[in-house]
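Q: Got a structure here, written out as structure tokens. Questions coming.
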Amino acid sequence: MSDCLFCKIITGEIPSNKIYEDDQCYAFYDIQPQAPVHFLVIPKQHIVSAEELTEENAAVVAHIFAVIAKLAKQLNLLQGYRIVNNVGEDGGQTVKHLHFHVLGGRSLAWPPG
Ligand code: 5GP
Ligand code: ZN
């Protein structure tokens with residue numbers, strides 16, 4: 001989508017600190033990290049949010065979780081980490097392109113505020 005921030009990050013039109021990329025997804029560090037390690041993994045296909053997932057397009061989510069497991073090991077998140085997906089206004093979603101936050105490198109509080 002031409003006016004989507006994360007689609008522009010995927011194409012390189014907006015620069016990012018890339019960690020990993022393949023044919024289905026793109027991983028990069030969050031610009032405002034909330035933990036010592038905070039990166040985002042997004043599908044290359046423009047999907048607005050988890051609310052838009054269907055049997056037809058949801059396979060990329062399984063792929064993204066497998067990529068997260070690999071990257072977390074590479075980044076030494078050996079004590080654990082959190083995967084977060086914000087959905088819509090009440091969920092705190094600010095960018096309307098499906099993304100999974102991965103936060104680690106410190107102990108994280110639960111439940112979130
Ligand atoms: P949300 O609040 O939608 O779940 O998360 C959006 C995330 O994208 C936020 O954590 C925010 O810091 C991050 N973000 C927003 N704009 C940019 C940007 O231009 N580059 C990077 N790397 N992250 C961004
Ligand atoms: Zn997009």
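We name chains A, B, ... following the order of the structure tokens; residues begin at 1 in each chain, and ligands are numbered from 1 as shown.
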Excluding stretch 90-97 of chain A and any residue of its chain fewer than 2 positions from it, enumerate the residues within 12 Å of it, using only C-alpha atoms, and give them as JSON, numbers by chain.
A: {"A": [1, 2, 3, 4, 5, 6, 7, 8, 9, 10, 40, 41, 42, 43, 44, 45, 46, 47, 48, 49, 50, 51, 52, 53, 84, 85, 86, 87, 88, 99, 100, 101, 112, 113]}
Q: Neighbouring residues of A:Asn76 were defined as those with any atom within 10 Å, considering only C-alpha atoms; residues of the same chain fewer than 3 positions away were excluded. Please report them as a PDB file with N, CA and C atoms, in the first residue's frame.
A:
ATOM      1  N   VAL A  37      16.248  -5.161  23.948  1.00  0.00           N
ATOM      2  CA  VAL A  37      16.044  -5.666  22.581  1.00  0.00           C
ATOM      3  C   VAL A  37      14.573  -5.470  22.235  1.00  0.00           C
ATOM      4  N   LEU A  71      15.435 -15.700  15.369  1.00  0.00           N
ATOM      5  CA  LEU A  71      16.095 -14.425  15.655  1.00  0.00           C
ATOM      6  C   LEU A  71      16.340 -14.252  17.152  1.00  0.00           C
ATOM      7  N   ALA A  72      15.393 -14.696  17.978  1.00  0.00           N
ATOM      8  CA  ALA A  72      15.557 -14.560  19.433  1.00  0.00           C
ATOM      9  C   ALA A  72      16.799 -15.325  19.892  1.00  0.00           C
ATOM     10  N   LYS A  73      17.020 -16.492  19.320  1.00  0.00           N
ATOM     11  CA  LYS A  73      18.228 -17.267  19.658  1.00  0.00           C
ATOM     12  C   LYS A  73      19.475 -16.516  19.189  1.00  0.00           C
ATOM     13  N   GLN A  79      16.888 -15.870  28.231  1.00  0.00           N
ATOM     14  CA  GLN A  79      16.050 -15.878  29.444  1.00  0.00           C
ATOM     15  C   GLN A  79      14.579 -15.696  29.110  1.00  0.00           C
ATOM     16  N   GLY A  80      14.258 -15.588  27.845  1.00  0.00           N
ATOM     17  CA  GLY A  80      12.874 -15.393  27.439  1.00  0.00           C
ATOM     18  C   GLY A  80      12.652 -14.022  26.839  1.00  0.00           C
ATOM     19  N   GLY A 104      12.766  -8.065  24.736  1.00  0.00           N
ATOM     20  CA  GLY A 104      13.545  -8.919  25.625  1.00  0.00           C
ATOM     21  C   GLY A 104      14.766  -8.193  26.150  1.00  0.00           C
ATOM     22  N   GLY A 105      15.547  -8.924  26.920  1.00  0.00           N
ATOM     23  CA  GLY A 105      16.756  -8.356  27.492  1.00  0.00           C
ATOM     24  C   GLY A 105      16.541  -7.782  28.883  1.00  0.00           C
TER      25      GLY A 105
END
Q: Hey, what does DSSP flag as strand (DSSP E or B) within chain A? Can you give it to me as a list in words?
A: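 Here is the list: Lys18, Ile19, Tyr20, Glu21, Cys25, Tyr26, Ala27, Phe28, Tyr29, Val37, His38, Phe39, Leu40, Val41, Ile42, Pro43, Tyr81, Arg82, Ile83, Val84, Phe100, His101, Val102, Leu103 and Gly104 of chain A.
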Q: Set the distance at 10 Å and use only C-alpha atoms: which residues neighbour A:Val67 once local chain neighbours fewer than 5 positions away are removed? I'd like the list as a list in words.
A: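 Once the adjacent positions are removed, what remains is Tyr20, Glu21, Asp22, Cys25, Tyr26, Ala27, Val41, Val61, Ala62 and Ala72 of chain A.
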Q: Please extract the residues of stretch 5-113 of chain A with a backbone DSSP assignment of helix (DSSP H, G or I) and present them as a PyMOL selection string.
A: chain A and resi 5-11+50-52+59-74+88-91
Q: Have a look at A:Leu108, A:Ala59, A:Ala35, A:Leu78 and name the one nearest to ligand 1; count only C-alpha atoms and all ligand atoms.
A: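 Ranking A:Leu108, A:Ala59, A:Ala35, A:Leu78 by distance to ligand 1, first place goes to A:Ala35.
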Q: Would you mind telling me which residue in A:Val60, A:Thr54, A:Leu98, A:Ala109 lies nearest to ligand 2 when using only C-alpha atoms and all ligand atoms?
A: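 Using only C-alpha atoms and all ligand atoms, ligand 2 sits closest to A:Leu98.
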Q: Go through A:Ile14, A:Ile19, A:Ala58, A:Ile31 one by one, measure the shortest atom-to-atom distance of each to ligand 1 using only C-alpha atoms and all ligand atoms, and give the residue with the smallest value.
A: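 Going through A:Ile14, A:Ile19, A:Ala58, A:Ile31 one by one, the smallest distance to ligand 1 is for A:Ile31.
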Q: Could you jot down the atom CA of A:Glu89 to atom 6 (C, counted along the ligand's line) of ligand 1 separation for me, Å, one decimal place?
A: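 Taking atom CA of A:Glu89 and atom 6 (C, counted along the ligand's line) of ligand 1, their separation equals 12.0 Å.
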Q: Report, in Å to a single decimal, how far apart atom CA of A:His63 and atom CA of A:Gln32 are.
A: 25.1 Å
Q: Calculated over only C-alpha atoms and all ligand atoms, which of the candidates A:Arg82, A:Gln74, A:Pro111, A:Asn17 has the smallest distance to ligand 1?
A: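 Looking at the shortest contact to ligand 1, the residue is A:Asn17.
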